[in-house]
file work.txt (compact mmCIF, C-alpha atoms (C1' of nucleotides))
# COMPACT_ATOMS: atom_id res chain seq x y z
CA MET A 1 -2.50 -22.33 -8.81
CA ALA A 2 -0.11 -24.80 -7.21
CA ARG A 3 0.86 -28.34 -8.06
CA THR A 4 0.41 -29.15 -11.72
CA ALA A 5 -1.93 -32.02 -12.58
CA GLY A 6 -0.51 -35.54 -12.52
CA SER A 7 2.96 -34.75 -11.25
CA HIS A 8 4.56 -36.78 -8.51
CA SER A 9 7.69 -37.05 -6.46
CA ASP A 10 8.86 -40.17 -8.33
CA ILE A 11 8.62 -38.27 -11.61
CA THR A 12 9.92 -34.85 -10.67
CA GLY A 13 13.00 -36.05 -8.80
CA PRO A 14 14.61 -37.87 -11.73
CA ARG A 15 13.58 -35.11 -14.12
CA ILE A 16 15.39 -32.55 -12.00
CA ARG A 17 18.55 -34.66 -11.99
CA ALA A 18 18.31 -35.18 -15.76
CA ALA A 19 17.80 -31.46 -16.44
CA ALA A 20 20.67 -30.53 -14.12
CA GLN A 21 22.97 -33.03 -15.79
CA GLN A 22 22.23 -31.76 -19.26
CA LEU A 23 22.54 -28.10 -18.31
CA PHE A 24 25.68 -28.53 -16.18
CA ALA A 25 27.33 -30.40 -19.05
CA ARG A 26 26.43 -27.81 -21.66
CA GLN A 27 26.97 -24.58 -19.74
CA GLY A 28 28.91 -25.48 -16.62
CA TYR A 29 27.76 -25.66 -13.01
CA ALA A 30 28.44 -22.03 -12.14
CA ALA A 31 26.69 -20.72 -15.25
CA VAL A 32 23.45 -22.60 -14.62
CA SER A 33 20.84 -21.16 -12.25
CA MET A 34 18.32 -23.05 -10.17
CA ARG A 35 15.58 -21.15 -12.03
CA GLN A 36 16.96 -22.47 -15.31
CA ILE A 37 16.83 -26.06 -14.09
CA ALA A 38 13.32 -25.52 -12.74
CA ALA A 39 12.14 -24.07 -16.05
CA GLU A 40 13.52 -27.09 -17.92
CA VAL A 41 11.43 -29.34 -15.65
CA GLY A 42 8.40 -27.07 -15.88
CA VAL A 43 8.30 -26.08 -12.24
CA GLN A 44 9.10 -23.09 -10.04
CA ALA A 45 12.55 -22.77 -8.49
CA GLY A 46 11.27 -23.32 -4.97
CA ALA A 47 10.01 -26.79 -5.86
CA LEU A 48 13.57 -28.00 -6.45
CA TYR A 49 14.22 -27.79 -2.74
CA ASN A 50 11.84 -30.68 -2.10
CA TYR A 51 14.42 -32.86 -3.86
CA THR A 52 17.81 -31.38 -3.03
CA PRO A 53 19.00 -29.41 0.01
CA ASP A 54 20.98 -27.07 -2.25
CA LYS A 55 22.65 -26.62 -5.63
CA GLN A 56 25.94 -28.11 -4.49
CA SER A 57 24.27 -31.40 -3.51
CA LEU A 58 22.71 -31.60 -6.95
CA LEU A 59 26.19 -31.55 -8.49
CA TYR A 60 27.68 -33.88 -5.93
CA ASP A 61 24.87 -36.43 -6.34
CA LEU A 62 25.37 -36.51 -10.10
CA MET A 63 29.10 -37.07 -9.73
CA VAL A 64 28.89 -39.66 -6.99
CA THR A 65 26.25 -41.59 -8.90
CA HIS A 66 28.37 -41.55 -12.02
CA MET A 67 31.53 -42.69 -10.29
CA GLU A 68 29.78 -45.46 -8.37
CA ASP A 69 28.08 -46.67 -11.54
CA LEU A 70 31.50 -46.71 -13.18
CA LEU A 71 33.15 -48.73 -10.43
CA ARG A 72 30.22 -51.11 -10.14
CA ALA A 73 30.20 -51.77 -13.88
CA LEU A 74 33.92 -52.62 -14.05
CA PRO A 75 34.44 -56.09 -15.54
CA GLU A 76 35.36 -58.76 -13.00
CA PRO A 77 39.08 -59.64 -13.07
CA ALA A 78 39.42 -62.87 -15.04
CA GLY A 79 42.20 -64.42 -17.09
CA ARG A 80 45.68 -63.16 -17.95
CA PRO A 81 46.63 -59.46 -17.82
CA VAL A 82 46.37 -59.05 -21.60
CA ALA A 83 42.80 -60.31 -21.67
CA ARG A 84 41.91 -58.23 -18.63
CA LEU A 85 43.40 -55.12 -20.19
CA GLU A 86 41.44 -55.68 -23.39
CA ALA A 87 38.24 -56.11 -21.38
CA PHE A 88 39.03 -52.90 -19.48
CA VAL A 89 39.64 -50.90 -22.66
CA ARG A 90 36.46 -52.09 -24.36
CA PHE A 91 34.47 -51.47 -21.20
CA HIS A 92 35.87 -47.97 -20.72
CA ILE A 93 35.08 -46.92 -24.28
CA ALA A 94 31.54 -48.30 -24.22
CA PHE A 95 30.74 -46.87 -20.81
CA HIS A 96 32.05 -43.39 -21.55
CA VAL A 97 30.60 -43.08 -25.03
CA GLU A 98 27.20 -43.96 -23.61
CA ARG A 99 27.00 -41.08 -21.11
CA PRO A 100 28.89 -38.07 -22.45
CA ASP A 101 27.15 -35.57 -20.16
CA ALA A 102 27.99 -37.42 -16.95
CA VAL A 103 31.60 -37.91 -18.07
CA PHE A 104 31.96 -34.27 -18.98
CA ILE A 105 30.71 -33.17 -15.57
CA ALA A 106 32.88 -35.66 -13.71
CA TYR A 107 36.01 -34.20 -15.34
CA MET A 108 35.13 -30.52 -15.58
CA GLU A 109 33.29 -29.70 -12.39
CA LEU A 110 35.69 -31.09 -9.81
CA ARG A 111 36.72 -27.59 -8.82
CA ASN A 112 33.13 -26.61 -8.06
CA LEU A 113 32.81 -29.24 -5.35
CA THR A 114 33.24 -28.30 -1.71
CA PRO A 115 36.54 -29.63 -0.32
CA GLU A 116 34.78 -32.48 1.52
CA ASN A 117 32.83 -33.55 -1.55
CA PHE A 118 35.94 -33.24 -3.72
CA GLU A 119 37.82 -35.56 -1.41
CA ILE A 120 35.20 -38.27 -1.82
CA ILE A 121 34.95 -38.03 -5.60
CA GLU A 122 38.72 -37.92 -5.89
CA GLY A 123 38.89 -41.13 -3.86
CA LEU A 124 36.50 -42.90 -6.21
CA ARG A 125 38.47 -41.70 -9.20
CA ARG A 126 41.67 -43.01 -7.68
CA ARG A 127 40.06 -46.41 -7.12
CA TYR A 128 39.33 -46.55 -10.82
CA GLU A 129 42.91 -45.64 -11.71
CA ASP A 130 44.21 -48.20 -9.26
CA HIS A 131 42.18 -50.87 -10.99
CA LEU A 132 43.96 -50.21 -14.27
CA GLU A 133 47.32 -49.78 -12.60
CA ALA A 134 46.97 -53.22 -10.97
CA ILE A 135 46.41 -54.82 -14.36
CA LEU A 136 49.43 -53.07 -15.83
CA ARG A 137 51.64 -53.90 -12.90
CA GLU A 138 50.72 -57.54 -12.99
CA GLY A 139 51.32 -57.72 -16.72
CA ALA A 140 54.69 -56.03 -16.28
CA GLU A 141 55.72 -58.51 -13.59
CA GLU A 142 54.95 -61.54 -15.66
CA GLY A 143 56.68 -59.97 -18.64
CA ALA A 144 53.62 -59.54 -20.84
CA PHE A 145 53.85 -55.72 -20.85
CA LYS A 146 56.92 -53.54 -21.36
CA MET A 147 56.66 -49.99 -20.02
CA ALA A 148 59.18 -47.37 -18.93
CA ASP A 149 56.94 -46.15 -16.06
CA THR A 150 53.83 -48.01 -14.93
CA LYS A 151 52.24 -45.10 -13.07
CA VAL A 152 52.64 -42.64 -15.93
CA THR A 153 51.45 -45.26 -18.41
CA THR A 154 48.30 -45.77 -16.32
CA LEU A 155 47.46 -42.08 -16.39
CA ALA A 156 48.39 -41.79 -20.06
CA VAL A 157 46.12 -44.68 -21.04
CA ILE A 158 43.18 -43.26 -19.09
CA ALA A 159 43.70 -39.82 -20.62
CA MET A 160 43.89 -41.35 -24.08
CA LEU A 161 40.73 -43.41 -23.57
CA THR A 162 38.69 -40.67 -21.93
CA GLY A 163 39.64 -38.21 -24.66
CA VAL A 164 37.32 -40.13 -26.95
CA THR A 165 34.32 -38.32 -25.46
CA THR A 166 35.54 -34.96 -26.73
CA TRP A 167 35.07 -35.85 -30.36
CA PHE A 168 33.07 -39.08 -30.74
CA ARG A 169 29.43 -38.76 -31.77
CA GLU A 170 27.13 -41.72 -32.30
CA GLY A 171 26.27 -42.08 -35.98
CA GLY A 172 29.62 -40.75 -37.20
CA ARG A 173 32.32 -42.44 -39.26
CA LEU A 174 32.97 -45.16 -36.70
CA ALA A 175 30.60 -47.45 -34.81
CA VAL A 176 31.27 -48.11 -31.13
CA ASN A 177 32.68 -51.59 -31.73
CA GLU A 178 35.06 -50.24 -34.38
CA LEU A 179 36.08 -47.56 -31.91
CA GLN A 180 36.81 -50.27 -29.35
CA ASP A 181 38.95 -52.14 -31.88
CA VAL A 182 40.98 -49.04 -32.73
CA TYR A 183 41.55 -48.08 -29.11
CA TRP A 184 42.44 -51.61 -28.09
CA ASP A 185 45.04 -51.63 -30.83
CA LEU A 186 46.43 -48.32 -29.56
CA VAL A 187 46.54 -49.36 -25.91
CA ARG A 188 47.98 -52.77 -26.73
CA LYS A 189 50.92 -51.15 -28.46
CA THR A 190 51.28 -48.47 -25.77
CA VAL A 191 51.85 -51.05 -23.03
CA GLY A 192 54.22 -53.01 -25.27
CA VAL A 193 52.19 -56.06 -26.24
CA SER A 194 53.30 -57.39 -29.60
CA VAL A 195 50.77 -58.96 -31.97
CA MET B 1 41.28 9.15 -3.35
CA ALA B 2 41.72 8.03 -6.95
CA ARG B 3 44.71 6.69 -8.86
CA THR B 4 47.28 5.07 -6.60
CA ALA B 5 50.81 6.43 -6.76
CA GLY B 6 53.13 5.10 -9.44
CA SER B 7 50.66 2.93 -11.33
CA HIS B 8 50.51 2.98 -15.08
CA SER B 9 48.74 1.47 -18.02
CA ASP B 10 51.73 -0.70 -18.95
CA ILE B 11 51.70 -2.24 -15.49
CA THR B 12 47.99 -2.64 -14.82
CA GLY B 13 47.12 -4.23 -18.17
CA PRO B 14 49.37 -7.29 -17.82
CA ARG B 15 48.52 -7.65 -14.16
CA ILE B 16 44.82 -7.82 -15.00
CA ARG B 17 45.47 -10.54 -17.56
CA ALA B 18 47.65 -12.47 -15.12
CA ALA B 19 45.06 -12.24 -12.34
CA ALA B 20 42.25 -13.28 -14.68
CA GLN B 21 44.26 -16.24 -15.93
CA GLN B 22 45.02 -17.49 -12.45
CA LEU B 23 41.46 -17.04 -11.20
CA PHE B 24 39.79 -18.48 -14.31
CA ALA B 25 42.03 -21.54 -14.06
CA ARG B 26 41.38 -22.10 -10.37
CA GLN B 27 37.66 -21.32 -10.14
CA GLY B 28 36.34 -21.24 -13.67
CA TYR B 29 35.28 -18.29 -15.82
CA ALA B 30 31.66 -18.19 -14.70
CA ALA B 31 32.55 -18.40 -11.01
CA VAL B 32 34.96 -15.45 -11.10
CA SER B 33 33.63 -11.90 -10.81
CA MET B 34 35.13 -8.74 -12.22
CA ARG B 35 35.34 -7.41 -8.67
CA GLN B 36 37.40 -10.45 -7.70
CA ILE B 37 39.88 -9.86 -10.52
CA ALA B 38 40.07 -6.18 -9.64
CA ALA B 39 40.73 -6.99 -5.98
CA GLU B 40 43.59 -9.29 -6.98
CA VAL B 41 45.18 -6.42 -8.91
CA GLY B 42 44.45 -3.93 -6.14
CA VAL B 43 42.05 -1.77 -8.08
CA GLN B 44 38.31 -1.05 -8.29
CA ALA B 45 36.16 -3.02 -10.74
CA GLY B 46 35.49 -0.02 -12.95
CA ALA B 47 39.19 0.35 -13.74
CA LEU B 48 39.24 -2.99 -15.55
CA TYR B 49 37.19 -1.46 -18.34
CA ASN B 50 40.11 0.71 -19.38
CA TYR B 51 41.80 -2.52 -20.47
CA THR B 52 39.04 -4.78 -21.71
CA PRO B 53 35.65 -3.99 -23.25
CA ASP B 54 34.05 -6.76 -21.21
CA LYS B 55 34.58 -10.00 -19.31
CA GLN B 56 34.16 -12.18 -22.40
CA SER B 57 37.02 -10.41 -24.20
CA LEU B 58 39.25 -11.05 -21.22
CA LEU B 59 38.68 -14.79 -21.61
CA TYR B 60 38.95 -14.72 -25.38
CA ASP B 61 42.21 -12.75 -25.29
CA LEU B 62 43.78 -15.26 -22.93
CA MET B 63 42.77 -18.17 -25.12
CA VAL B 64 43.77 -16.62 -28.41
CA THR B 65 47.14 -15.59 -27.01
CA HIS B 66 47.75 -19.09 -25.70
CA MET B 67 46.80 -20.80 -28.95
CA GLU B 68 48.87 -18.44 -31.08
CA ASP B 69 51.87 -18.87 -28.79
CA LEU B 70 51.43 -22.61 -29.15
CA LEU B 71 51.30 -22.55 -32.94
CA ARG B 72 54.17 -20.10 -33.21
CA ALA B 73 56.37 -22.20 -30.95
CA LEU B 74 55.85 -25.44 -32.92
CA PRO B 75 59.19 -26.90 -34.05
CA GLU B 76 59.95 -26.39 -37.73
CA PRO B 77 59.41 -29.56 -39.80
CA ALA B 78 62.83 -31.12 -40.35
CA GLY B 79 64.02 -34.67 -40.98
CA ARG B 80 62.14 -37.95 -41.22
CA PRO B 81 58.69 -38.47 -39.66
CA VAL B 82 60.10 -40.35 -36.66
CA ALA B 83 62.44 -37.49 -35.77
CA ARG B 84 59.70 -34.93 -36.34
CA LEU B 85 57.29 -36.88 -34.14
CA GLU B 86 59.84 -37.07 -31.36
CA ALA B 87 60.45 -33.32 -31.61
CA PHE B 88 56.70 -32.73 -31.50
CA VAL B 89 56.21 -34.88 -28.39
CA ARG B 90 59.08 -33.27 -26.49
CA PHE B 91 57.87 -29.83 -27.48
CA HIS B 92 54.28 -30.53 -26.48
CA ILE B 93 55.25 -31.79 -23.03
CA ALA B 94 57.62 -28.92 -22.31
CA PHE B 95 55.22 -26.25 -23.56
CA HIS B 96 52.20 -27.57 -21.66
CA VAL B 97 53.98 -28.29 -18.40
CA GLU B 98 55.27 -24.74 -18.41
CA ARG B 99 51.87 -23.00 -18.46
CA PRO B 100 49.31 -25.14 -16.65
CA ASP B 101 46.85 -22.29 -16.10
CA ALA B 102 46.65 -21.31 -19.76
CA VAL B 103 46.30 -24.95 -20.83
CA PHE B 104 43.56 -25.55 -18.31
CA ILE B 105 41.58 -22.56 -19.53
CA ALA B 106 42.04 -23.47 -23.18
CA TYR B 107 40.47 -26.89 -22.58
CA MET B 108 37.86 -26.10 -19.95
CA GLU B 109 36.41 -22.77 -20.93
CA LEU B 110 35.55 -23.39 -24.57
CA ARG B 111 31.86 -23.52 -23.74
CA ASN B 112 31.98 -20.06 -22.16
CA LEU B 113 33.07 -18.42 -25.40
CA THR B 114 30.52 -16.70 -27.62
CA PRO B 115 29.86 -18.74 -30.79
CA GLU B 116 32.00 -16.40 -32.91
CA ASN B 117 34.94 -16.55 -30.51
CA PHE B 118 34.55 -20.30 -30.17
CA GLU B 119 34.78 -20.70 -33.93
CA ILE B 120 38.12 -18.90 -34.01
CA ILE B 121 39.68 -20.79 -31.10
CA GLU B 122 38.40 -24.07 -32.50
CA GLY B 123 40.09 -23.24 -35.81
CA LEU B 124 43.43 -22.66 -34.10
CA ARG B 125 43.07 -25.90 -32.19
CA ARG B 126 42.36 -27.76 -35.40
CA ARG B 127 45.49 -26.30 -36.98
CA TYR B 128 47.50 -27.78 -34.15
CA GLU B 129 45.89 -31.18 -34.58
CA ASP B 130 46.47 -31.03 -38.33
CA HIS B 131 50.16 -30.47 -37.71
CA LEU B 132 50.44 -33.74 -35.81
CA GLU B 133 48.16 -35.56 -38.21
CA ALA B 134 50.40 -34.57 -41.13
CA ILE B 135 53.41 -36.09 -39.40
CA LEU B 136 51.55 -39.31 -38.68
CA ARG B 137 50.15 -39.56 -42.19
CA GLU B 138 53.53 -39.05 -43.77
CA GLY B 139 55.10 -41.64 -41.50
CA ALA B 140 52.32 -44.09 -42.33
CA GLU B 141 52.82 -43.57 -46.06
CA GLU B 142 56.52 -44.29 -45.96
CA GLY B 143 55.92 -47.29 -43.74
CA ALA B 144 57.61 -45.94 -40.61
CA PHE B 145 54.36 -45.92 -38.57
CA LYS B 146 51.73 -48.62 -38.34
CA MET B 147 48.29 -47.43 -37.18
CA ALA B 148 44.75 -48.76 -37.57
CA ASP B 149 43.30 -45.24 -37.94
CA THR B 150 45.42 -42.14 -38.42
CA LYS B 151 42.76 -39.62 -37.41
CA VAL B 152 41.84 -41.41 -34.18
CA THR B 153 45.52 -41.96 -33.39
CA THR B 154 46.13 -38.22 -33.78
CA LEU B 155 43.41 -37.35 -31.28
CA ALA B 156 44.45 -40.16 -28.94
CA VAL B 157 48.07 -39.00 -28.89
CA ILE B 158 47.08 -35.39 -28.18
CA ALA B 159 44.73 -36.49 -25.40
CA MET B 160 47.45 -38.66 -23.91
CA LEU B 161 50.04 -35.87 -24.03
CA THR B 162 47.78 -33.13 -22.76
CA GLY B 163 46.60 -35.30 -19.89
CA VAL B 164 50.02 -34.78 -18.33
CA THR B 165 48.93 -31.36 -17.06
CA THR B 166 46.28 -32.89 -14.80
CA TRP B 167 48.79 -34.57 -12.55
CA PHE B 168 52.34 -33.32 -13.23
CA ARG B 169 53.82 -30.86 -10.74
CA GLU B 170 57.30 -29.43 -11.02
CA GLY B 171 59.52 -30.80 -8.25
CA GLY B 172 57.77 -34.17 -8.12
CA ARG B 173 59.10 -37.66 -8.78
CA LEU B 174 60.01 -36.92 -12.40
CA ALA B 175 61.90 -34.04 -13.98
CA VAL B 176 60.61 -32.56 -17.23
CA ASN B 177 63.24 -34.25 -19.37
CA GLU B 178 62.45 -37.63 -17.79
CA LEU B 179 58.78 -36.94 -18.48
CA GLN B 180 59.64 -36.27 -22.11
CA ASP B 181 61.53 -39.56 -22.31
CA VAL B 182 58.63 -41.55 -20.86
CA TYR B 183 56.05 -39.94 -23.12
CA TRP B 184 58.19 -40.29 -26.19
CA ASP B 185 58.50 -43.99 -25.41
CA LEU B 186 54.71 -44.23 -25.07
CA VAL B 187 53.93 -42.35 -28.27
CA ARG B 188 56.60 -44.18 -30.22
CA LYS B 189 54.97 -47.50 -29.39
CA THR B 190 51.46 -46.12 -29.93
CA VAL B 191 52.19 -45.25 -33.54
CA GLY B 192 53.94 -48.54 -34.13
CA VAL B 193 57.62 -47.59 -34.25
CA SER B 194 59.78 -50.49 -33.12
CA VAL B 195 62.99 -49.82 -31.19
C1' DC C 1 53.55 26.16 -10.29
C1' DT C 2 50.16 25.54 -13.48
C1' DT C 3 48.09 23.05 -17.02
C1' DG C 4 46.53 18.76 -19.60
C1' DG C 5 45.71 14.26 -20.08
C1' DT C 6 45.69 9.68 -18.23
C1' DT C 7 44.19 6.62 -14.75
C1' DT C 8 41.34 5.39 -11.08
C1' DT C 9 37.56 5.87 -7.77
C1' DG C 10 33.05 5.27 -5.89
C1' DA C 11 28.51 5.23 -6.51
C1' DA C 12 24.78 3.89 -9.17
C1' DC C 13 22.14 0.98 -12.78
C1' DA C 14 19.04 -2.90 -13.59
C1' DT C 15 19.08 -7.63 -13.14
C1' DC C 16 20.11 -11.87 -11.43
C1' DC C 17 21.42 -15.22 -7.73
C1' DG C 18 20.37 -19.23 -4.09
C1' DT C 19 17.24 -20.02 -0.72
C1' DT C 20 13.01 -19.71 2.42
C1' DC C 21 8.21 -20.07 3.46
C1' DA C 22 3.26 -19.11 4.06
C1' DG C 23 -0.39 -20.27 1.37
C1' DT C 24 -2.76 -22.96 -2.30
C1' DT C 25 -3.90 -27.04 -4.86
C1' DA C 26 -4.13 -32.05 -6.38
C1' DG C 27 -4.61 -36.71 -5.61
C1' DC C 28 -5.38 -40.52 -2.38
C1' DC C 29 -7.68 -42.91 1.51
C1' DA C 30 -11.38 -43.67 4.52
C1' DT D 1 -17.83 -37.23 -0.43
C1' DG D 2 -14.83 -35.08 2.66
C1' DG D 3 -10.50 -34.56 4.77
C1' DC D 4 -5.41 -35.08 4.86
C1' DT D 5 -1.05 -34.54 3.27
C1' DA D 6 2.39 -34.37 -0.25
C1' DA D 7 3.59 -31.24 -3.99
C1' DC D 8 3.94 -26.93 -5.72
C1' DT D 9 3.43 -21.73 -6.28
C1' DG D 10 4.70 -17.02 -5.95
C1' DA D 11 6.59 -13.63 -3.56
C1' DA D 12 10.10 -12.15 -0.86
C1' DC D 13 15.05 -12.05 1.38
C1' DG D 14 19.75 -9.98 1.25
C1' DG D 15 23.32 -9.89 -1.56
C1' DA D 16 26.13 -10.33 -5.90
C1' DT D 17 26.46 -9.63 -10.85
C1' DG D 18 28.54 -6.90 -15.25
C1' DT D 19 28.81 -2.45 -16.71
C1' DT D 20 28.66 2.83 -16.91
C1' DC D 21 30.17 7.40 -15.74
C1' DA D 22 30.96 11.89 -13.47
C1' DA D 23 34.25 13.37 -10.43
C1' DA D 24 38.71 13.07 -8.33
C1' DA D 25 43.65 12.21 -8.09
C1' DC D 26 47.83 11.63 -10.06
C1' DC D 27 51.98 12.35 -13.17
C1' DA D 28 54.58 14.76 -16.63
C1' DA D 29 55.53 18.55 -19.47
C1' DG D 30 55.87 23.59 -20.04
call {"tool": "encode", "arguments": {"input": "work.txt", "output": "structure tokens"}}
result
Amino acid sequence: MARTAGSHSDITGPRIRAAAQQLFARQGYAAVSMRQIAAEVGVQAGALYNYTPDKQSLLYDLMVTHMEDLLRALPEPAGRPVARLEAFVRFHIAFHVERPDAVFIAYMELRNLTPENFEIIEGLRRRYEDHLEAILREGAEEGAFKMADTKVTTLAVIAMLTGVTTWFREGGRLAVNELQDVYWDLVRKTVGVSV
Amino acid sequence: MARTAGSHSDITGPRIRAAAQQLFARQGYAAVSMRQIAAEVGVQAGALYNYTPDKQSLLYDLMVTHMEDLLRALPEPAGRPVARLEAFVRFHIAFHVERPDAVFIAYMELRNLTPENFEIIEGLRRRYEDHLEAILREGAEEGAFKMADTKVTTLAVIAMLTGVTTWFREGGRLAVNELQDVYWDLVRKTVGVSV
DNA sequence: CTTGGTTTTGAACATCCGTTCAGTTAGCCA
DNA sequence: TGGCTAACTGAACGGATGTTCAAAACCAAG
């Protein structure tokens, strides 16, 4: 028997990406086999190759999609640096808390990309950092922020914000909007904005 | 030919651990084979099993050693919360910058531990967090620190500090002591200590 | 120089890996 | 209703995986 009843390209493709994302996040790219992904979708391993040229592309596609979604969803620059920073912080928290698997993969599986693919993802990641750095630099110039080192502060703020995904679970002690409040308070103080 | 001239148990054991640490950090636990580790040491794969019962134990030993070193090296509590926090920050930066491979493994390979081993490592990690949380809580009680949420601030500070290992390279723009100064300034403001 | 014990080799084990492809089936269009 | 093609199966490919173990080689002590 071949081709299970009712299944189509439009269905199977997304299901493969979803299964890969979940498995890569939980077990790691190298520890997940194509047969495992196929089983999760309810298909034989060979069928995966109608949707991806190889395993590496599956990983790369997930990462590139995530990073492009992230950059596209960035709030438009508007207002003074303080307001823009607050918008950035709230956005970052909401976006990352919403897709823990994709975030996990984007940070943990960089070393499993081929050098060419790594270069591209790294470039997208740098664009995101640059976005925050521009806000901080502008705020520093107009005297709204006080920091010893803008570059280090940029990386420190991103690390602080992204760290939220390692412990936050929906339905816990804090709701997402409370989380945003707490982190905005932390970042505000970190960049030297007084109340 | 068996047994290369001049080699001994006291030599091979540490070299296996060193090779495993370097390879696990660069490529990830699942992507590294026992034959690869053996080749790095200059030995056949079978010889590794004189020093470790299996691959999993090799990973677990590296992680447990790292975490116990970390806890043992923690500065003794002395003085007021502000002084203790500063000591903690400077210690954390110095310790982590010194052993990037071990730090990388400790954060990235948790999911490749068996459940029992994970439980133990997780416990050690929590002890480290509790150490910082105690400092912050004490400082909050005596009014030296001002934070919206002590628990979240603890995790945020650790994430911020540990993030340094993702970009810092010895011999770059900043020396370690400058790095400590910058991060102490960041943390100080984050917990609400005015200058 | 021989003996004894430690350390390592090299081959073998069963099983898994990513990937390919000829053949089979399911659903759509005429 | 019959034919066409997209979708999928199932088997096969060469090679890699963690682990075991008898045999070999080495070093040190007597």
call {"tool": "residues_near_point", "arguments": {"input": "work.txt", "point": "(4.4, -12.1, -4.5)", "cutoff": "12 Å", "atoms": "all atoms listed in the file", "output": "PyMOL selection string"}}
result
(chain C and resi 21-23) or (chain D and resi 9-12)
call {"tool": "closest_atom_pairs", "arguments": {"input": "work.txt", "of": "chain B", "to": "chain A", "cutoff": "9 Å", "atoms": "all atoms listed in the file", "output": "Markdown table"}}
result
| residue | atom | partner | partner_atom | distance |
| --- | --- | --- | --- | --- |
| B:Arg26 | CA | A:Arg111 | CA | 7.4 |
| B:Gln27 | CA | A:Arg111 | CA | 6.5 |
| B:Gly28 | CA | A:Arg111 | CA | 8.0 |
| B:Tyr29 | CA | A:Ala30 | CA | 8.6 |
| B:Ala30 | CA | A:Ala31 | CA | 5.6 |
| B:Ala31 | CA | A:Ala30 | CA | 5.6 |
| B:Met108 | CA | A:Met108 | CA | 6.8 |
| B:Arg111 | CA | A:Gln27 | CA | 6.4 |
| B:Asn112 | CA | A:Gln27 | CA | 7.2 |
| B:Met147 | CA | A:Leu186 | CA | 7.9 |
| B:Ala148 | CA | A:Val182 | CA | 6.1 |
| B:Asp149 | CA | A:Val182 | CA | 6.9 |
| B:Val152 | CA | A:Val182 | CA | 7.8 |
| B:Thr153 | CA | A:Leu186 | CA | 7.5 |
| B:Leu155 | CA | A:Gly163 | CA | 7.7 |
| B:Ala156 | CA | A:Met160 | CA | 5.0 |
| B:Val157 | CA | A:Met160 | CA | 6.8 |
| B:Ile158 | CA | A:Met160 | CA | 7.9 |
| B:Ala159 | CA | A:Met160 | CA | 5.1 |
| B:Met160 | CA | A:Met160 | CA | 4.5 |
| B:Leu161 | CA | A:Ala156 | CA | 7.3 |
| B:Thr162 | CA | A:Ala159 | CA | 8.1 |
| B:Gly163 | CA | A:Ala159 | CA | 5.4 |
| B:Val164 | CA | A:Ala156 | CA | 7.4 |
| B:Trp167 | CA | A:Leu155 | CA | 8.5 |
| B:Leu179 | CA | A:Val152 | CA | 8.8 |
| B:Asp181 | CA | A:Ala148 | CA | 8.8 |
| B:Val182 | CA | A:Ala148 | CA | 6.2 |
| B:Tyr183 | CA | A:Val152 | CA | 8.4 |
| B:Asp185 | CA | A:Ala148 | CA | 7.3 |
| B:Leu186 | CA | A:Thr190 | CA | 5.5 |
| B:Val187 | CA | A:Thr190 | CA | 7.1 |
| B:Arg188 | CA | A:Thr190 | CA | 8.2 |
| B:Lys189 | CA | A:Thr190 | CA | 5.3 |
| B:Thr190 | CA | A:Thr190 | CA | 4.8 |
| B:Val191 | CA | A:Leu186 | CA | 7.6 |
| B:Gly192 | CA | A:Lys189 | CA | 6.9 |
call {"tool": "residues_around", "arguments": {"input": "work.txt", "residues": "region 85-102 of chain A", "least_positions_apart": "5", "cutoff": "7 Å", "atoms": "all atoms listed in the file", "output": "mmCIF file with C-alpha atoms, keeping the file's coordinate frame"}}
result
data_model
loop_
_atom_site.group_PDB
_atom_site.id
_atom_site.type_symbol
_atom_site.label_atom_id
_atom_site.label_comp_id
_atom_site.auth_asym_id
_atom_site.auth_seq_id
_atom_site.Cartn_x
_atom_site.Cartn_y
_atom_site.Cartn_z
ATOM 1 C CA GLN A 21 22.970 -33.030 -15.790
ATOM 2 C CA GLN A 22 22.230 -31.760 -19.260
ATOM 3 C CA ALA A 25 27.330 -30.400 -19.050
ATOM 4 C CA HIS A 66 28.370 -41.550 -12.020
ATOM 5 C CA PRO A 75 34.440 -56.090 -15.540
ATOM 6 C CA ILE A 135 46.410 -54.820 -14.360
ATOM 7 C CA LEU A 161 40.730 -43.410 -23.570
ATOM 8 C CA THR A 165 34.320 -38.320 -25.460
ATOM 9 C CA VAL A 176 31.270 -48.110 -31.130
ATOM 10 C CA GLN A 180 36.810 -50.270 -29.350
ATOM 11 C CA TRP A 184 42.440 -51.610 -28.090
#
call {"tool": "closest_residue", "arguments": {"input": "work.txt", "among": "A:Glu129, A:Leu48, A:Leu23, A:Lys55", "to": "DC17 (chain C)", "atoms": "all atoms listed in the file"}}
result
A:Lys55
call {"tool": "closest_residue", "arguments": {"input": "work.txt", "among": "B:Glu40, B:Glu141, B:Asp54, B:Glu119", "to": "DG18 (chain D)", "atoms": "only C-alpha atoms (C1' of nucleotides)"}}
result
B:Asp54
call {"tool": "atom_distance", "arguments": {"input": "work.txt", "atom1": "CA of Gln56 (chain A)", "atom2": "CA of Ala38 (chain A)"}}
result
15.3 Å
call {"tool": "interface_residues", "arguments": {"input": "work.txt", "of": "chain C", "to": "chain A", "cutoff": "8 Å", "atoms": "all atoms listed in the file", "output": "list in words"}}
result
DC17, DG18, DT24, DT25 and DA26 of chain C
call {"tool": "residues_near_point", "arguments": {"input": "work.txt", "point": "(18.5, -6.5, -6.2)", "cutoff": "8 Å", "atoms": "all atoms listed in the file", "output": "compact mmCIF listing (two decimals) with C-alpha atoms (C1' of nucleotides), in the coordinates of the input"}}
result
# COMPACT_ATOMS: atom_id res chain seq x y z
C1' DT C 15 19.08 -7.63 -13.14
C1' DC C 16 20.11 -11.87 -11.43
C1' DG D 15 23.32 -9.89 -1.56
